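Following: one structure in structure tokens, then a few remarks.
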Amino acid sequence: EFFETPYESIGEETLDQLVDAFYLNVSNHPLLAPVFPEDLTETARKQKQFLTQYLGGPPLYTEEHGHPMLRARHLPFPITPARAAAWLACMEEAMDTVGLEGDVREFLFQRLSLTAQHMINSTDNGD
Ligand code: HEM
């Protein structure tokens with residue numbers, strides 16, 4: 001297939017598995033678990049919608065929730081450099097779990113690294 005989107009290249013099923021593996025890692029991470037809701041069902045549902053459109057698939061997130069405004073939506077949570085690194089480590093481990101490899105993995109991880117960096121709104125010492 002020529003000119004397929006990263007979304008098509010990954011596929012809906014693998015993307016769903018990736019997000020589920022990711023939030024399992026988040027729920028077990030000492031720096032991340034405390035800032036997330038205990039029940040991650042709705043969080044995972046929104047993240048599947050978001051990543052679908054982020055990767056060039058249908059705009060599922062925007063259809064239901066409006067403009068992502070991701071940085072603004074993260075302002076209620078103290079996102080430190082250490083938490084951003086932890087988020088990315090959970091994602092990398094999830095990519096290993098679902099066997100996401102190659103160019104599309106590199107592409108997604110690069111983009112997520114930039115987005116995670118952009119979400120930082122607090123320092124590690126908490127001031
Ligand atoms: C929501 C933390 C990075 C996408 C959230 C929530 C938290 C959080 C605590 C709220 C969960 C809820 O109430 O359901 C973090 C931390 C990050 C990070 C600590 C570290 C940098 C990212 C990145 C993306 C992202 C890189 C983009 C791929 C989202 C989305 C939501 C969300 C789409 C749902 C927003 C909504 O409520 O509609 N995040 N996040 N986050 N996050 Fe992050």
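Ligands are numbered from 1 in the order shown, chains are lettered A, B, ... in the order of the structure tokens, and residues start at 1 in each chain.
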
Contact check, chain A to ligand 1, at most 6 Å, counting only C-alpha atoms and all ligand atoms, closest pairs as a Markdown table:
| residue | atom | partner | partner_atom_place_in_ligand_line | distance |
| --- | --- | --- | --- | --- |
| A:Val35 | CA | ligand 1 | 9 (C) | 4.9 |
| A:Phe36 | CA | ligand 1 | 9 (C) | 4.3 |
| A:Pro37 | CA | ligand 1 | 13 (O) | 5.8 |
| A:Thr43 | CA | ligand 1 | 14 (O) | 3.9 |
| A:Lys46 | CA | ligand 1 | 34 (C) | 5.4 |
| A:Gln47 | CA | ligand 1 | 33 (C) | 4.6 |
| A:Phe50 | CA | ligand 1 | 33 (C) | 5.0 |
| A:His74 | CA | ligand 1 | 39 (N) | 5.9 |
| A:Phe77 | CA | ligand 1 | 9 (C) | 5.7 |
| A:Ile79 | CA | ligand 1 | 19 (C) | 5.0 |
| A:Arg83 | CA | ligand 1 | 19 (C) | 5.2 |
| A:Ala84 | CA | ligand 1 | 21 (C) | 3.5 |
| A:Trp87 | CA | ligand 1 | 20 (C) | 5.0 |
| A:Leu112 | CA | ligand 1 | 26 (C) | 5.1 |
| A:Thr115 | CA | ligand 1 | 26 (C) | 4.6 |
| A:Ala116 | CA | ligand 1 | 26 (C) | 3.7 |
| A:Met119 | CA | ligand 1 | 21 (C) | 5.2 |

Writing out the chosen residues with C-alpha atoms as a compact mmCIF listing (two decimals), in the first residue's frame:
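After the write, selection.txt holds the following:
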# COMPACT_ATOMS: atom_id res chain seq x y z
CA VAL A 35 -1.85 11.68 39.14
CA PHE A 36 -4.21 9.43 37.12
CA PRO A 37 -7.74 8.32 38.02
CA THR A 43 -8.80 7.68 29.99
CA LYS A 46 -10.06 8.96 25.04
CA GLN A 47 -6.42 8.14 24.34
CA PHE A 50 -6.76 10.85 20.32
CA HIS A 74 -2.98 18.76 31.30
CA PHE A 77 -1.87 17.85 36.72
CA ILE A 79 3.69 17.29 34.85
CA ARG A 83 6.84 12.37 34.87
CA ALA A 84 7.27 13.10 31.15
CA TRP A 87 5.24 8.50 30.53
CA LEU A 112 5.22 11.49 21.42
CA THR A 115 4.33 16.19 22.73
CA ALA A 116 5.38 14.91 26.17
CA MET A 119 3.11 18.94 28.41

Open item on the list: Please return, as an NGL selection string, all residues of chain A that DSSP assigns to helix (DSSP H, G or I) on the basis of the backbone.
Closed with: :A and (6-10 or 12-27 or 33-35 or 41-54 or 60-65 or 70-74 or 81-98 or 102-119)

Would you mind exporting the chosen residues as a compact mmCIF listing (two decimals), in the first residue's frame, restricted to C-alpha atoms?
# COMPACT_ATOMS: atom_id res chain seq x y z
CA PRO A 6 0.74 5.80 10.22
CA TYR A 7 -2.69 4.87 11.65
CA GLU A 8 -3.28 2.43 8.80
CA SER A 9 0.23 1.11 9.09
CA ILE A 10 -0.17 0.34 12.81
CA GLU A 12 -6.70 -0.27 14.91
CA GLU A 13 -6.22 -3.54 16.78
CA THR A 14 -2.54 -2.95 17.58
CA LEU A 15 -3.28 0.65 18.55
CA ASP A 16 -5.95 -0.53 21.01
CA GLN A 17 -3.55 -3.10 22.45
CA LEU A 18 -0.82 -0.45 22.70
CA VAL A 19 -3.03 1.90 24.70
CA ASP A 20 -4.20 -0.89 27.02
CA ALA A 21 -0.61 -2.02 27.63
CA PHE A 22 0.43 1.61 28.19
CA TYR A 23 -2.18 2.31 30.89
CA LEU A 24 -1.38 -0.97 32.63
CA ASN A 25 2.21 0.30 32.87
CA VAL A 26 0.99 3.73 34.03
CA SER A 27 -1.16 2.15 36.75
CA ALA A 33 -0.31 6.29 39.15
CA PRO A 34 -0.96 9.03 41.76
CA VAL A 35 -1.85 11.68 39.14
CA THR A 41 -11.21 2.91 31.35
CA GLU A 42 -12.37 6.34 30.22
CA THR A 43 -8.80 7.68 29.99
CA ALA A 44 -7.84 4.77 27.71
CA ARG A 45 -10.96 5.28 25.58
CA LYS A 46 -10.06 8.96 25.04
CA GLN A 47 -6.42 8.14 24.34
CA LYS A 48 -7.45 5.62 21.64
CA GLN A 49 -9.57 8.32 20.05
CA PHE A 50 -6.76 10.85 20.32
CA LEU A 51 -3.98 8.65 18.95
CA THR A 52 -6.21 7.58 16.06
CA GLN A 53 -6.41 11.15 14.81
CA TYR A 54 -2.82 12.01 15.84
CA LEU A 60 -12.59 10.52 16.69
CA TYR A 61 -11.31 12.60 19.60
CA THR A 62 -12.35 15.95 18.15
CA GLU A 63 -15.77 14.62 17.11
CA GLU A 64 -16.60 13.80 20.73
CA HIS A 65 -14.52 16.25 22.79
CA LEU A 70 -3.66 19.02 25.09
CA ARG A 71 -1.44 21.35 27.08
CA ALA A 72 -4.43 23.13 28.59
CA ARG A 73 -6.13 19.83 29.45
CA HIS A 74 -2.98 18.76 31.30
CA PRO A 81 10.31 16.38 33.55
CA ALA A 82 10.53 13.12 35.54
CA ARG A 83 6.84 12.37 34.87
CA ALA A 84 7.27 13.10 31.15
CA ALA A 85 10.22 10.67 31.06
CA ALA A 86 8.16 8.08 32.97
CA TRP A 87 5.24 8.50 30.53
CA LEU A 88 7.56 7.87 27.59
CA ALA A 89 9.16 4.86 29.33
CA CYS A 90 5.68 3.35 29.85
CA MET A 91 4.98 3.91 26.15
CA GLU A 92 8.26 2.35 25.07
CA GLU A 93 7.56 -0.70 27.21
CA ALA A 94 4.03 -0.93 25.76
CA MET A 95 5.51 -0.81 22.23
CA ASP A 96 7.72 -3.77 23.19
CA THR A 97 4.71 -5.62 24.66
CA VAL A 98 2.63 -5.34 21.47
CA GLY A 102 10.36 -0.39 12.65
CA ASP A 103 9.87 3.03 11.06
CA VAL A 104 6.34 3.54 12.36
CA ARG A 105 7.50 2.89 15.93
CA GLU A 106 10.34 5.42 15.53
CA PHE A 107 7.95 7.94 13.99
CA LEU A 108 5.36 7.60 16.74
CA PHE A 109 7.91 7.65 19.54
CA GLN A 110 9.60 10.78 18.15
CA ARG A 111 6.30 12.61 17.95
CA LEU A 112 5.22 11.49 21.42
CA SER A 113 8.57 12.66 22.81
CA LEU A 114 7.92 16.16 21.47
CA THR A 115 4.33 16.19 22.73
CA ALA A 116 5.38 14.91 26.17
CA GLN A 117 8.03 17.64 26.37
CA HIS A 118 5.36 20.20 25.53
CA MET A 119 3.11 18.94 28.41

Task: One-decimal distance in Å that lies between atom CA of A:Leu32 and atom CA of A:Pro58 - done: 28.8 Å

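Picture a line from atom CA of A:Ser122 to atom CA of A:Leu55; it runs 27.6 Å.
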
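Between atom CA of A:Asn125 and atom CA of A:Leu31 lies a distance of 13.2 Å.
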